[in-house]
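Colleague: The file below is entry-v7.txt, compact mmCIF, C-alpha atoms (C1' of nucleotides):
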```txt
# COMPACT_ATOMS: atom_id res chain seq x y z
CA MET L 36 75.73 124.33 56.21
CA ASP L 37 74.15 126.66 53.74
CA GLY L 38 70.61 127.83 54.15
CA ALA L 39 69.67 126.93 50.60
CA GLN L 40 67.42 124.25 51.94
CA PHE L 41 65.98 126.47 54.67
CA ASP L 42 62.22 126.23 54.32
CA LEU L 43 60.20 128.40 56.66
CA ASP L 44 57.17 126.20 56.17
CA ARG L 45 58.97 123.34 57.86
CA PHE L 46 60.72 125.41 60.47
CA THR L 47 59.26 124.65 63.89
CA PRO L 48 59.85 128.06 65.51
CA TYR L 49 58.12 129.75 62.61
CA LEU L 50 55.14 127.43 62.75
CA LEU L 51 54.90 127.92 66.49
CA ASN L 52 55.07 131.67 66.22
CA ARG L 53 52.54 131.76 63.43
CA ALA L 54 50.03 129.66 65.32
CA ALA L 55 50.55 131.67 68.49
CA GLY L 56 50.08 134.89 66.53
CA ARG L 57 46.70 133.80 65.24
CA ILE L 58 45.60 132.84 68.72
CA VAL L 59 46.57 136.23 70.06
CA LEU L 60 44.74 137.88 67.20
CA ALA L 61 41.60 135.89 67.91
CA PHE L 62 41.71 136.79 71.59
CA GLU L 63 42.44 140.47 71.21
CA LYS L 64 38.81 141.47 70.81
CA ASP L 65 37.97 139.99 74.21
CA LEU L 66 40.98 141.61 75.83
CA ASP L 67 40.06 144.98 74.38
CA SER L 68 36.54 144.71 75.71
CA TYR L 69 37.98 144.57 79.22
CA ASP L 70 40.80 147.00 78.47
CA ILE L 71 43.38 144.36 79.31
CA SER L 72 46.64 144.05 77.39
CA LEU L 73 48.04 140.69 76.36
CA GLY L 74 50.74 140.96 78.99
CA GLN L 75 48.21 141.84 81.65
CA TRP L 76 46.10 138.85 80.68
CA ARG L 77 49.09 136.59 81.06
CA VAL L 78 49.74 138.04 84.47
CA LEU L 79 46.13 137.54 85.51
CA ALA L 80 46.12 133.96 84.25
CA CYS L 81 49.36 133.24 86.03
CA ILE L 82 48.14 134.60 89.35
CA TRP L 83 44.91 132.71 88.91
CA HIS L 84 46.93 129.56 88.44
CA GLU L 85 49.53 130.16 91.11
CA GLY L 86 47.45 131.67 93.86
CA THR L 87 49.79 134.23 95.42
CA PRO L 88 53.03 134.13 93.44
CA MET L 89 55.95 136.43 93.83
CA GLN L 90 56.82 138.58 90.86
CA SER L 91 59.74 136.38 89.92
CA ASP L 92 57.35 133.43 89.62
CA ILE L 93 55.31 135.42 87.16
CA VAL L 94 58.47 136.30 85.27
CA ARG L 95 59.28 132.62 84.91
CA HIS L 96 55.82 131.74 83.68
CA THR L 97 55.36 134.59 81.26
CA SER L 98 58.86 135.48 80.05
CA ILE L 99 58.06 139.11 80.82
CA ASP L 100 61.12 141.12 81.78
CA PRO L 101 61.33 141.81 85.54
CA SER L 102 61.45 145.56 85.08
CA THR L 103 58.53 145.50 82.71
CA LEU L 104 56.59 143.29 85.05
CA SER L 105 57.30 145.54 88.00
CA ARG L 106 55.74 148.50 86.21
CA MET L 107 52.94 146.39 84.81
CA ILE L 108 52.04 145.14 88.28
CA GLY L 109 52.20 148.73 89.46
CA GLY L 110 49.66 149.79 86.89
CA MET L 111 47.36 146.90 87.61
CA GLU L 112 47.58 147.63 91.31
CA LYS L 113 46.73 151.26 90.73
CA ARG L 114 43.75 150.09 88.73
CA GLY L 115 42.66 147.85 91.56
CA LEU L 116 43.09 144.50 89.81
CA LEU L 117 45.57 143.12 92.33
CA LYS L 118 47.54 144.07 95.38
CA ARG L 119 51.12 143.62 96.47
CA GLU L 120 51.96 142.05 99.80
CA LYS L 121 55.19 141.54 101.63
CA SER L 122 56.32 137.99 102.08
CA ASP L 123 56.98 136.70 105.57
CA LEU L 124 59.45 134.11 104.35
CA ASP L 125 61.54 136.39 102.14
CA SER L 126 61.50 140.09 102.70
CA ARG L 127 62.88 140.75 99.24
CA ALA L 128 59.89 139.14 97.62
CA VAL L 129 56.68 140.89 96.63
CA LEU L 130 53.66 138.62 96.65
CA VAL L 131 50.87 139.40 94.26
CA ARG L 132 47.24 138.62 94.92
CA LEU L 133 44.11 139.27 92.88
CA THR L 134 41.50 141.62 94.28
CA GLY L 135 37.82 140.93 93.84
CA LYS L 136 37.85 143.17 90.82
CA GLY L 137 40.82 141.38 89.30
CA ARG L 138 39.28 138.01 90.02
CA LYS L 139 36.06 139.07 88.39
CA ILE L 140 37.84 140.11 85.20
CA ALA L 141 39.85 136.89 85.17
CA GLU L 142 36.66 134.90 85.61
CA ALA L 143 35.14 136.72 82.70
CA LEU L 144 38.15 136.32 80.44
CA ILE L 145 38.95 132.69 81.14
CA PRO L 146 35.87 131.33 79.36
CA LYS L 147 36.66 133.59 76.41
CA ALA L 148 40.20 132.27 76.34
CA LEU L 149 38.95 128.70 76.47
CA ALA L 150 36.60 129.48 73.62
CA VAL L 151 39.49 130.72 71.51
CA GLU L 152 41.39 127.58 72.38
CA ARG L 153 38.44 125.43 71.37
CA SER L 154 38.17 127.21 68.08
CA ALA L 155 41.93 126.83 67.54
CA LEU L 156 41.62 123.10 68.20
CA GLU L 157 38.50 122.59 66.15
CA GLY L 158 38.53 119.18 64.55
CA PHE L 159 41.24 117.87 66.87
CA THR L 160 40.61 114.57 68.57
CA PRO L 161 41.29 114.47 72.32
CA ASN L 162 44.24 112.28 71.49
CA GLU L 163 45.66 114.87 69.11
CA VAL L 164 45.31 117.58 71.72
CA ALA L 165 47.11 115.43 74.24
CA LYS L 166 49.81 114.65 71.71
CA LEU L 167 50.28 118.34 70.90
CA HIS L 168 50.57 119.25 74.56
CA GLY L 169 53.06 116.48 75.11
CA LEU L 170 55.22 117.58 72.21
CA LEU L 171 55.17 121.19 73.36
CA ARG L 172 56.17 120.14 76.86
CA ARG L 173 59.04 118.14 75.45
CA ILE L 174 60.31 121.15 73.49
CA TYR L 175 60.16 123.18 76.67
CA ALA L 176 62.00 120.50 78.59
CA ASN L 177 64.60 119.97 75.88
CA LEU L 178 65.64 123.62 76.08
CA GLY L 179 65.29 123.59 79.82
CA GLY L 180 66.82 126.15 82.14
CA MET M 128 31.60 129.08 82.77
CA ASP M 129 33.76 129.60 85.78
CA GLY M 130 37.47 129.42 85.54
CA ALA M 131 37.77 127.14 88.54
CA GLN M 132 38.89 124.36 86.27
CA PHE M 133 41.24 126.58 84.31
CA ASP M 134 44.59 124.81 84.31
CA LEU M 135 47.43 126.65 82.64
CA ASP M 136 49.35 123.41 82.22
CA ARG M 137 46.70 122.17 79.84
CA PHE M 138 46.06 125.46 78.14
CA THR M 139 47.32 125.30 74.57
CA PRO M 140 48.20 128.99 74.13
CA TYR M 141 50.24 128.90 77.30
CA LEU M 142 52.11 125.78 76.26
CA LEU M 143 52.76 127.30 72.85
CA ASN M 144 54.02 130.53 74.28
CA ARG M 145 56.21 128.77 76.79
CA ALA M 146 57.84 126.57 74.18
CA ALA M 147 58.33 129.52 71.85
CA GLY M 148 59.86 131.52 74.68
CA ARG M 149 62.47 128.86 75.35
CA ILE M 150 63.35 128.70 71.68
CA VAL M 151 63.85 132.45 71.54
CA LEU M 152 65.99 132.29 74.65
CA ALA M 153 68.15 129.57 73.16
CA PHE M 154 68.64 131.54 69.97
CA GLU M 155 69.36 134.90 71.53
CA LYS M 156 73.07 134.26 71.98
CA ASP M 157 73.48 133.70 68.26
CA LEU M 158 71.45 136.76 67.42
CA ASP M 159 73.49 138.90 69.78
CA SER M 160 76.71 137.72 68.21
CA TYR M 161 75.57 139.25 64.92
CA ASP M 162 73.86 142.20 66.57
CA ILE M 163 70.52 141.17 65.12
CA SER M 164 67.28 141.55 67.04
CA LEU M 165 64.62 138.86 67.05
CA GLY M 166 62.43 140.97 64.83
CA GLN M 167 65.27 141.56 62.40
CA TRP M 168 65.99 137.86 62.26
CA ARG M 169 62.38 137.16 61.39
CA VAL M 170 62.57 139.73 58.65
CA LEU M 171 65.78 138.22 57.28
CA ALA M 172 64.32 134.72 57.36
CA CYS M 173 61.17 135.91 55.65
CA ILE M 174 63.04 137.66 52.86
CA TRP M 175 65.27 134.61 52.47
CA HIS M 176 62.16 132.52 52.06
CA GLU M 177 60.17 134.86 49.89
CA GLY M 178 62.86 136.22 47.60
CA THR M 179 61.79 139.82 47.09
CA PRO M 180 58.64 140.38 49.12
CA MET M 181 56.87 143.64 49.65
CA GLN M 182 56.70 144.92 53.18
CA SER M 183 53.11 143.86 53.58
CA ASP M 184 54.13 140.28 52.80
CA ILE M 185 56.63 140.46 55.63
CA VAL M 186 53.92 141.85 57.88
CA ARG M 187 51.73 138.88 57.12
CA HIS M 188 54.49 136.38 57.81
CA THR M 189 55.85 137.91 60.99
CA SER M 190 52.89 139.69 62.61
CA ILE M 191 55.08 142.77 62.94
CA ASP M 192 53.10 146.01 62.84
CA PRO M 193 53.42 147.84 59.49
CA SER M 194 54.74 151.00 61.10
CA THR M 195 57.25 149.08 63.17
CA LEU M 196 58.34 147.14 60.14
CA SER M 197 58.75 150.28 58.08
CA ARG M 198 61.20 151.70 60.59
CA MET M 199 62.88 148.35 61.10
CA ILE M 200 63.45 147.97 57.37
CA GLY M 201 64.77 151.53 57.37
CA GLY M 202 67.34 150.67 59.99
CA MET M 203 68.39 147.49 58.26
CA GLU M 204 68.71 149.34 54.99
CA LYS M 205 70.87 152.01 56.62
CA ARG M 206 73.02 149.22 57.98
CA GLY M 207 73.34 147.71 54.54
CA LEU M 208 71.53 144.44 55.17
CA LEU M 209 68.90 144.99 52.51
CA LYS M 210 67.66 147.50 50.02
CA ARG M 211 64.25 148.82 49.09
CA GLU M 212 63.08 148.81 45.48
CA LYS M 213 60.03 150.17 43.76
CA SER M 214 57.65 147.66 42.30
CA ASP M 215 56.75 147.85 38.64
CA LEU M 216 53.41 146.20 39.16
CA ASP M 217 52.22 148.31 42.08
CA SER M 218 53.74 151.69 42.68
CA ARG M 219 52.49 151.74 46.25
CA ALA M 220 54.52 148.68 47.11
CA VAL M 221 58.08 148.67 48.39
CA LEU M 222 59.99 145.53 47.51
CA VAL M 223 62.72 144.40 49.85
CA ARG M 224 65.81 142.52 48.74
CA LEU M 225 68.79 141.25 50.71
CA THR M 226 72.19 142.72 49.94
CA GLY M 227 75.29 140.56 49.91
CA LYS M 228 75.93 141.58 53.49
CA GLY M 229 72.41 140.70 54.55
CA ARG M 230 72.58 137.41 52.73
CA LYS M 231 75.84 136.58 54.41
CA ILE M 232 74.39 137.19 57.85
CA ALA M 233 71.30 135.15 57.01
CA GLU M 234 73.49 132.32 55.78
CA ALA M 235 75.42 132.41 59.01
CA LEU M 236 72.32 132.52 61.21
CA ILE M 237 70.24 129.90 59.46
CA PRO M 238 72.45 126.98 60.53
CA LYS M 239 72.38 128.31 64.08
CA ALA M 240 68.61 128.52 63.96
CA LEU M 241 68.40 124.98 62.63
CA ALA M 242 70.69 123.85 65.42
CA VAL M 243 68.35 125.39 67.99
CA GLU M 244 65.45 123.67 66.29
CA ARG M 245 67.27 120.34 66.39
CA SER M 246 67.99 120.75 70.05
CA ALA M 247 64.35 121.70 70.68
CA LEU M 248 63.24 118.56 68.86
CA GLU M 249 65.80 116.25 70.43
CA GLY M 250 64.34 112.81 70.87
CA PHE M 251 61.50 113.45 68.44
CA THR M 252 60.92 110.88 65.75
CA PRO M 253 60.51 112.21 62.22
CA ASN M 254 56.91 111.19 62.49
CA GLU M 255 56.44 113.23 65.66
CA VAL M 256 57.96 116.28 64.02
CA ALA M 257 55.65 115.89 61.06
CA LYS M 258 52.70 115.46 63.40
CA LEU M 259 53.63 118.58 65.35
CA HIS M 260 53.93 120.63 62.20
CA GLY M 261 50.62 119.36 60.96
CA LEU M 262 48.85 120.22 64.20
CA LEU M 263 50.37 123.72 64.23
CA ARG M 264 49.27 124.28 60.65
CA ARG M 265 45.77 123.20 61.55
CA ILE M 266 45.62 125.67 64.43
CA TYR M 267 46.75 128.37 62.05
CA ALA M 268 44.13 127.36 59.50
CA ASN M 269 41.37 127.05 62.09
CA LEU M 270 41.82 130.68 63.11
CA GLY M 271 42.38 131.69 59.54
CA GLY M 272 41.92 135.04 57.89
C1' DC F 39 35.19 157.73 32.99
C1' DC F 40 34.56 158.82 37.87
C1' DA F 41 33.55 157.70 42.60
C1' DT F 42 34.22 154.91 46.50
C1' DG F 43 36.43 151.79 49.28
C1' DA F 44 40.49 149.08 50.06
C1' DT F 45 45.54 148.55 50.25
C1' DA F 46 50.73 150.04 50.90
C1' DG F 47 53.59 152.58 53.28
C1' DT F 48 55.18 156.47 56.22
C1' DT F 49 55.23 159.67 60.13
C1' DG F 50 53.69 161.90 64.82
C1' DC F 51 53.28 160.90 69.36
C1' DA F 52 52.48 158.78 73.59
C1' DT F 53 53.24 154.47 75.77
C1' DT F 54 55.91 150.34 76.55
C1' DT F 55 59.96 147.94 76.62
C1' DG F 56 64.39 146.19 78.16
C1' DC F 57 69.18 146.83 79.33
C1' DA F 58 72.09 148.78 83.18
C1' DA F 59 72.77 150.06 87.43
C1' DC F 60 71.32 149.89 91.89
C1' DA F 61 69.62 148.57 96.77
C1' DA F 62 68.08 145.23 99.81
C1' DA F 63 67.84 140.71 101.47
C1' DC F 64 69.07 135.92 101.25
C1' DG F 65 72.15 131.67 101.70
C1' DC F 66 76.13 129.44 102.35
C1' DA F 67 80.77 128.64 103.43
C1' DA F 68 84.74 129.62 105.97
C1' DT O 161 80.01 135.64 112.83
C1' DT O 162 81.60 137.85 108.52
C1' DG O 163 82.12 137.84 103.70
C1' DC O 164 80.74 136.90 99.03
C1' DG O 165 77.97 135.56 95.35
C1' DT O 166 73.00 135.15 94.21
C1' DT O 167 68.28 136.49 94.10
C1' DT O 168 64.41 139.98 94.19
C1' DG O 169 62.66 144.00 92.89
C1' DT O 170 62.81 148.95 91.42
C1' DT O 171 64.33 153.02 88.71
C1' DG O 172 66.88 155.87 84.75
C1' DC O 173 67.05 156.26 80.16
C1' DA O 174 67.26 155.38 75.45
C1' DA O 175 65.17 152.65 72.01
C1' DA O 176 61.28 150.13 70.24
C1' DT O 177 56.39 149.76 69.75
C1' DG O 178 51.73 150.55 68.08
C1' DC O 179 47.71 153.32 67.35
C1' DA O 180 46.02 157.37 64.46
C1' DA O 181 46.20 160.04 60.87
C1' DC O 182 47.80 160.88 56.38
C1' DT O 183 49.32 160.32 51.32
C1' DA O 184 49.43 157.77 47.34
C1' DT O 185 47.94 154.13 44.57
C1' DC O 186 45.00 150.47 43.19
C1' DA O 187 40.60 148.17 41.93
C1' DT O 188 35.90 147.74 41.51
C1' DG O 189 31.15 149.22 40.44
C1' DG O 190 28.30 152.23 38.36
```
Could you render the structure as structure tokens?

Modeller:
Amino acid sequence: MDGAQFDLDRFTPYLLNRAAGRIVLAFEKDLDSYDISLGQWRVLACIWHEGTPMQSDIVRHTSIDPSTLSRMIGGMEKRGLLKREKSDLDSRAVLVRLTGKGRKIAEALIPKALAVERSALEGFTPNEVAKLHGLLRRIYANLGG
Amino acid sequence: MDGAQFDLDRFTPYLLNRAAGRIVLAFEKDLDSYDISLGQWRVLACIWHEGTPMQSDIVRHTSIDPSTLSRMIGGMEKRGLLKREKSDLDSRAVLVRLTGKGRKIAEALIPKALAVERSALEGFTPNEVAKLHGLLRRIYANLGG
DNA sequence: CCATGATAGTTGCATTTGCAACAAACGCAA
DNA sequence: TTGCGTTTGTTGCAAATGCAACTATCATGG
């Protein structure tokens, strides 16, 4: 009832946010060196993973607002990192595909991102990493759409 | 080296961000009903936890930019949720304290936040929760200061 | 004591963000 | 087929954000 016993240090969302914040902080140097924002990195990583997603797919993966994403994609397109294509199956949809330039930046950033992850997980056994991933997936599923 | 083997579904930062995103989504209804933004909630929770922190303490806990926080605190003060005080020990510092109104809102939101947490952790054993918290703290410490 | 660098907080300003409102296309049911 | 609710994406616009630059204060070394 009352929040008297509310302890941030045992509050899962806080611990999640705090860990995520440190990861972002550790990655920011790499992002800056390629002049890529955190949001742009997430978009790049998502496209890398998905192949040729539509914007709404990227929205689902990144939690970026559709209007924000639309303008973000616009900027990245203007910069030559990706291009928009019309979908044959759904003429509302805008498919997004990496250009060579975008792919090159993603290829450069991915190892840096993995390095940050390794340093975040330093001292973790493979089993602990698997356990963590499983627990995070269960949180995601528990609050599922 | 190459990102060919880069799989988002096994990428810790992605899984973290995704889980955190769902939690925020699940909590947003409650926040809206008190007209409190996510950032404001984090500030309230931090003050609740800390007692009478200075702004820089809140910055450390929430990763909110100092300039953003300054204006956010200003707005919350204008709305009567908290008040700023001068510190005796350090005349640069601005101490922040909840008002009765702010405390009442925090007291109302904390149970809602705990309910979201419970629903996020549905099916978790106490041991799994403890394990998750421990792993998140280790990530935080690994990337520390 | 003074000098130098670090810390706390605020403001200017340009960029980013996200809510509404909108247009276009889809899907399904009657 | 038509109609209606949903989905996809874009824009207007106000609010939020974050980097710089600045002031004031602290703290440490000489």

Colleague: Define the interface residues of chain L facing chain M as those within 7 Å, counting only C-alpha atoms, and report them as a PyMOL selection string.

Modeller: chain L and resi 36-38+42-43+47-48+50-57+84+98+142+145-146+152+154-157+167-168+171-172+174-175+177-178

Colleague: How many Å lie between atom CA of M:Arg206 and atom CA of M:Leu222, rounded to one decimal?

Modeller: 17.1 Å

Colleague: What residues in chain O have any atom no more than 8 Å from chain M when counting all atoms listed in the file, and can you write them as an mmCIF file with C-alpha atoms (C1' of nucleotides), in the coordinates of the input?

Modeller:
```cif
data_model
loop_
_atom_site.group_PDB
_atom_site.id
_atom_site.type_symbol
_atom_site.label_atom_id
_atom_site.label_comp_id
_atom_site.auth_asym_id
_atom_site.auth_seq_id
_atom_site.Cartn_x
_atom_site.Cartn_y
_atom_site.Cartn_z
ATOM 1 C "C1'" DT O 177 56.390 149.760 69.750
ATOM 2 C "C1'" DG O 178 51.730 150.550 68.080
ATOM 3 C "C1'" DA O 184 49.430 157.770 47.340
ATOM 4 C "C1'" DT O 185 47.940 154.130 44.570
ATOM 5 C "C1'" DC O 186 45.000 150.470 43.190
#
```

Colleague: Quick one: superpose chain L onto chain M using all C-alpha atoms paired in order, least squares, and give it to me as an mmCIF file with C-alpha atoms, in the coordinates of the input.

Modeller:
```cif
data_model
loop_
_atom_site.group_PDB
_atom_site.id
_atom_site.type_symbol
_atom_site.label_atom_id
_atom_site.label_comp_id
_atom_site.auth_asym_id
_atom_site.auth_seq_id
_atom_site.Cartn_x
_atom_site.Cartn_y
_atom_site.Cartn_z
ATOM 1 C CA MET L 36 31.521 128.989 82.761
ATOM 2 C CA ASP L 37 33.708 129.636 85.732
ATOM 3 C CA GLY L 38 37.445 129.420 85.487
ATOM 4 C CA ALA L 39 37.732 127.170 88.512
ATOM 5 C CA GLN L 40 38.863 124.394 86.264
ATOM 6 C CA PHE L 41 41.221 126.621 84.279
ATOM 7 C CA ASP L 42 44.569 124.858 84.301
ATOM 8 C CA LEU L 43 47.416 126.697 82.634
ATOM 9 C CA ASP L 44 49.331 123.468 82.222
ATOM 10 C CA ARG L 45 46.686 122.201 79.839
ATOM 11 C CA PHE L 46 46.040 125.486 78.121
ATOM 12 C CA THR L 47 47.318 125.331 74.551
ATOM 13 C CA PRO L 48 48.190 129.026 74.118
ATOM 14 C CA TYR L 49 50.241 128.926 77.286
ATOM 15 C CA LEU L 50 52.105 125.808 76.242
ATOM 16 C CA LEU L 51 52.760 127.308 72.835
ATOM 17 C CA ASN L 52 54.025 130.547 74.273
ATOM 18 C CA ARG L 53 56.206 128.783 76.788
ATOM 19 C CA ALA L 54 57.836 126.583 74.183
ATOM 20 C CA ALA L 55 58.337 129.518 71.839
ATOM 21 C CA GLY L 56 59.877 131.524 74.673
ATOM 22 C CA ARG L 57 62.487 128.875 75.344
ATOM 23 C CA ILE L 58 63.361 128.703 71.676
ATOM 24 C CA VAL L 59 63.856 132.440 71.526
ATOM 25 C CA LEU L 60 65.987 132.278 74.638
ATOM 26 C CA ALA L 61 68.162 129.564 73.147
ATOM 27 C CA PHE L 62 68.648 131.535 69.947
ATOM 28 C CA GLU L 63 69.363 134.895 71.502
ATOM 29 C CA LYS L 64 73.064 134.244 71.967
ATOM 30 C CA ASP L 65 73.493 133.695 68.229
ATOM 31 C CA LEU L 66 71.449 136.765 67.388
ATOM 32 C CA ASP L 67 73.495 138.888 69.758
ATOM 33 C CA SER L 68 76.721 137.715 68.192
ATOM 34 C CA TYR L 69 75.571 139.241 64.912
ATOM 35 C CA ASP L 70 73.857 142.203 66.559
ATOM 36 C CA ILE L 71 70.523 141.162 65.099
ATOM 37 C CA SER L 72 67.275 141.547 67.026
ATOM 38 C CA LEU L 73 64.628 138.845 67.040
ATOM 39 C CA GLY L 74 62.418 140.937 64.801
ATOM 40 C CA GLN L 75 65.261 141.559 62.396
ATOM 41 C CA TRP L 76 65.993 137.847 62.249
ATOM 42 C CA ARG L 77 62.396 137.151 61.370
ATOM 43 C CA VAL L 78 62.578 139.724 58.631
ATOM 44 C CA LEU L 79 65.780 138.226 57.263
ATOM 45 C CA ALA L 80 64.332 134.719 57.339
ATOM 46 C CA CYS L 81 61.188 135.894 55.629
ATOM 47 C CA ILE L 82 63.052 137.642 52.831
ATOM 48 C CA TRP L 83 65.273 134.621 52.455
ATOM 49 C CA HIS L 84 62.172 132.513 52.043
ATOM 50 C CA GLU L 85 60.183 134.867 49.862
ATOM 51 C CA GLY L 86 62.859 136.237 47.597
ATOM 52 C CA THR L 87 61.789 139.847 47.065
ATOM 53 C CA PRO L 88 58.636 140.388 49.113
ATOM 54 C CA MET L 89 56.855 143.631 49.645
ATOM 55 C CA GLN L 90 56.684 144.907 53.186
ATOM 56 C CA SER L 91 53.089 143.825 53.573
ATOM 57 C CA ASP L 92 54.138 140.249 52.786
ATOM 58 C CA ILE L 93 56.619 140.427 55.612
ATOM 59 C CA VAL L 94 53.922 141.817 57.876
ATOM 60 C CA ARG L 95 51.740 138.819 57.118
ATOM 61 C CA HIS L 96 54.508 136.341 57.792
ATOM 62 C CA THR L 97 55.867 137.886 60.948
ATOM 63 C CA SER L 98 52.905 139.627 62.592
ATOM 64 C CA ILE L 99 55.086 142.714 62.946
ATOM 65 C CA ASP L 100 53.102 145.936 62.856
ATOM 66 C CA PRO L 101 53.421 147.788 59.521
ATOM 67 C CA SER L 102 54.719 150.950 61.136
ATOM 68 C CA THR L 103 57.230 149.036 63.181
ATOM 69 C CA LEU L 104 58.322 147.100 60.151
ATOM 70 C CA SER L 105 58.726 150.248 58.102
ATOM 71 C CA ARG L 106 61.181 151.662 60.626
ATOM 72 C CA MET L 107 62.858 148.316 61.118
ATOM 73 C CA ILE L 108 63.435 147.966 57.382
ATOM 74 C CA GLY L 109 64.744 151.515 57.396
ATOM 75 C CA GLY L 110 67.321 150.658 60.004
ATOM 76 C CA MET L 111 68.377 147.487 58.274
ATOM 77 C CA GLU L 112 68.698 149.360 55.009
ATOM 78 C CA LYS L 113 70.836 152.006 56.640
ATOM 79 C CA ARG L 114 73.001 149.221 57.983
ATOM 80 C CA GLY L 115 73.331 147.738 54.533
ATOM 81 C CA LEU L 116 71.534 144.447 55.172
ATOM 82 C CA LEU L 117 68.885 144.986 52.507
ATOM 83 C CA LYS L 118 67.636 147.520 50.036
ATOM 84 C CA ARG L 119 64.237 148.845 49.087
ATOM 85 C CA GLU L 120 63.080 148.842 45.492
ATOM 86 C CA LYS L 121 60.029 150.211 43.801
ATOM 87 C CA SER L 122 57.655 147.701 42.336
ATOM 88 C CA ASP L 123 56.782 147.922 38.666
ATOM 89 C CA LEU L 124 53.432 146.240 39.168
ATOM 90 C CA ASP L 125 52.237 148.336 42.106
ATOM 91 C CA SER L 126 53.731 151.710 42.728
ATOM 92 C CA ARG L 127 52.486 151.735 46.301
ATOM 93 C CA ALA L 128 54.516 148.682 47.146
ATOM 94 C CA VAL L 129 58.079 148.660 48.430
ATOM 95 C CA LEU L 130 59.991 145.533 47.513
ATOM 96 C CA VAL L 131 62.703 144.393 49.847
ATOM 97 C CA ARG L 132 65.790 142.526 48.751
ATOM 98 C CA LEU L 133 68.788 141.251 50.692
ATOM 99 C CA THR L 134 72.186 142.727 49.936
ATOM 100 C CA GLY L 135 75.282 140.575 49.907
ATOM 101 C CA LYS L 136 75.916 141.592 53.471
ATOM 102 C CA GLY L 137 72.393 140.704 54.538
ATOM 103 C CA ARG L 138 72.566 137.408 52.707
ATOM 104 C CA LYS L 139 75.831 136.583 54.381
ATOM 105 C CA ILE L 140 74.381 137.177 57.841
ATOM 106 C CA ALA L 141 71.292 135.142 56.989
ATOM 107 C CA GLU L 142 73.495 132.324 55.751
ATOM 108 C CA ALA L 143 75.403 132.414 58.983
ATOM 109 C CA LEU L 144 72.328 132.518 61.188
ATOM 110 C CA ILE L 145 70.244 129.890 59.441
ATOM 111 C CA PRO L 146 72.442 126.969 60.510
ATOM 112 C CA LYS L 147 72.388 128.317 64.062
ATOM 113 C CA ALA L 148 68.616 128.509 63.938
ATOM 114 C CA LEU L 149 68.406 124.967 62.621
ATOM 115 C CA ALA L 150 70.682 123.852 65.419
ATOM 116 C CA VAL L 151 68.358 125.383 67.987
ATOM 117 C CA GLU L 152 65.460 123.656 66.300
ATOM 118 C CA ARG L 153 67.285 120.339 66.401
ATOM 119 C CA SER L 154 68.001 120.756 70.059
ATOM 120 C CA ALA L 155 64.356 121.703 70.687
ATOM 121 C CA LEU L 156 63.254 118.548 68.877
ATOM 122 C CA GLU L 157 65.797 116.267 70.465
ATOM 123 C CA GLY L 158 64.355 112.816 70.918
ATOM 124 C CA PHE L 159 61.509 113.443 68.480
ATOM 125 C CA THR L 160 60.934 110.863 65.798
ATOM 126 C CA PRO L 161 60.516 112.207 62.255
ATOM 127 C CA ASN L 162 56.903 111.179 62.542
ATOM 128 C CA GLU L 163 56.433 113.233 65.696
ATOM 129 C CA VAL L 164 57.967 116.268 64.047
ATOM 130 C CA ALA L 165 55.650 115.877 61.099
ATOM 131 C CA LYS L 166 52.697 115.448 63.422
ATOM 132 C CA LEU L 167 53.627 118.583 65.373
ATOM 133 C CA HIS L 168 53.950 120.626 62.206
ATOM 134 C CA GLY L 169 50.630 119.348 60.975
ATOM 135 C CA LEU L 170 48.872 120.229 64.203
ATOM 136 C CA LEU L 171 50.379 123.706 64.237
ATOM 137 C CA ARG L 172 49.285 124.269 60.654
ATOM 138 C CA ARG L 173 45.781 123.195 61.546
ATOM 139 C CA ILE L 174 45.638 125.687 64.423
ATOM 140 C CA TYR L 175 46.764 128.385 62.034
ATOM 141 C CA ALA L 176 44.167 127.362 59.492
ATOM 142 C CA ASN L 177 41.391 127.056 62.058
ATOM 143 C CA LEU L 178 41.847 130.690 63.074
ATOM 144 C CA GLY L 179 42.404 131.695 59.497
ATOM 145 C CA GLY L 180 42.130 135.231 58.194
#
```

Colleague: For chain F, which residue out of M:Leu196, M:Ile163, M:Val170, M:Leu158 is the nearest one, using only C-alpha atoms (C1' of nucleotides)?

Modeller: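 The closest residue to chain F is M:Leu196.
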
Colleague: Between atom C1' of F:DA67 and atom C1' of O:DG169, what is the spacing in Å?

Modeller: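 Taking atom C1' of O:DG169 and atom C1' of F:DA67, their separation equals 26.0 Å.
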
Colleague: For M:Thr226, which of M:Leu165, M:Met181, M:Ile174, M:Ala242 is the closest residue, counting only C-alpha atoms?

Modeller: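 Nearest to M:Thr226: M:Ile174.
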
Colleague: Go ahead and compute the interatomic distance for atom C1' of O:DC179 and atom CA of M:Leu216, in Å to one decimal.

Modeller: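 Between atom C1' of O:DC179 and atom CA of M:Leu216 the gap is 29.6 Å.
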
Colleague: With 12 Å as the limit and counting all atoms listed in the file, what residues in chain F lie close to chain L? Please list them as number ranges by chain.

Modeller: F: 54-58, 61-65

Colleague: Residues at most 12 Å from F:DC60, counting all atoms listed in the file, excluding those fewer than 5 positions away in the same chain, as a PyMOL selection string?

Modeller: chain O and resi 169-172

Colleague: Near M:Met203, counting only C-alpha atoms (C1' of nucleotides), which residues have an atom at most 12 Å away, once you skip same-chain residues fewer than 3 positions from it, shown as a ChimeraX atom specification?

Modeller: /M:162-164,166-168,170-171,196-200,206-211,223-226,228-229,232
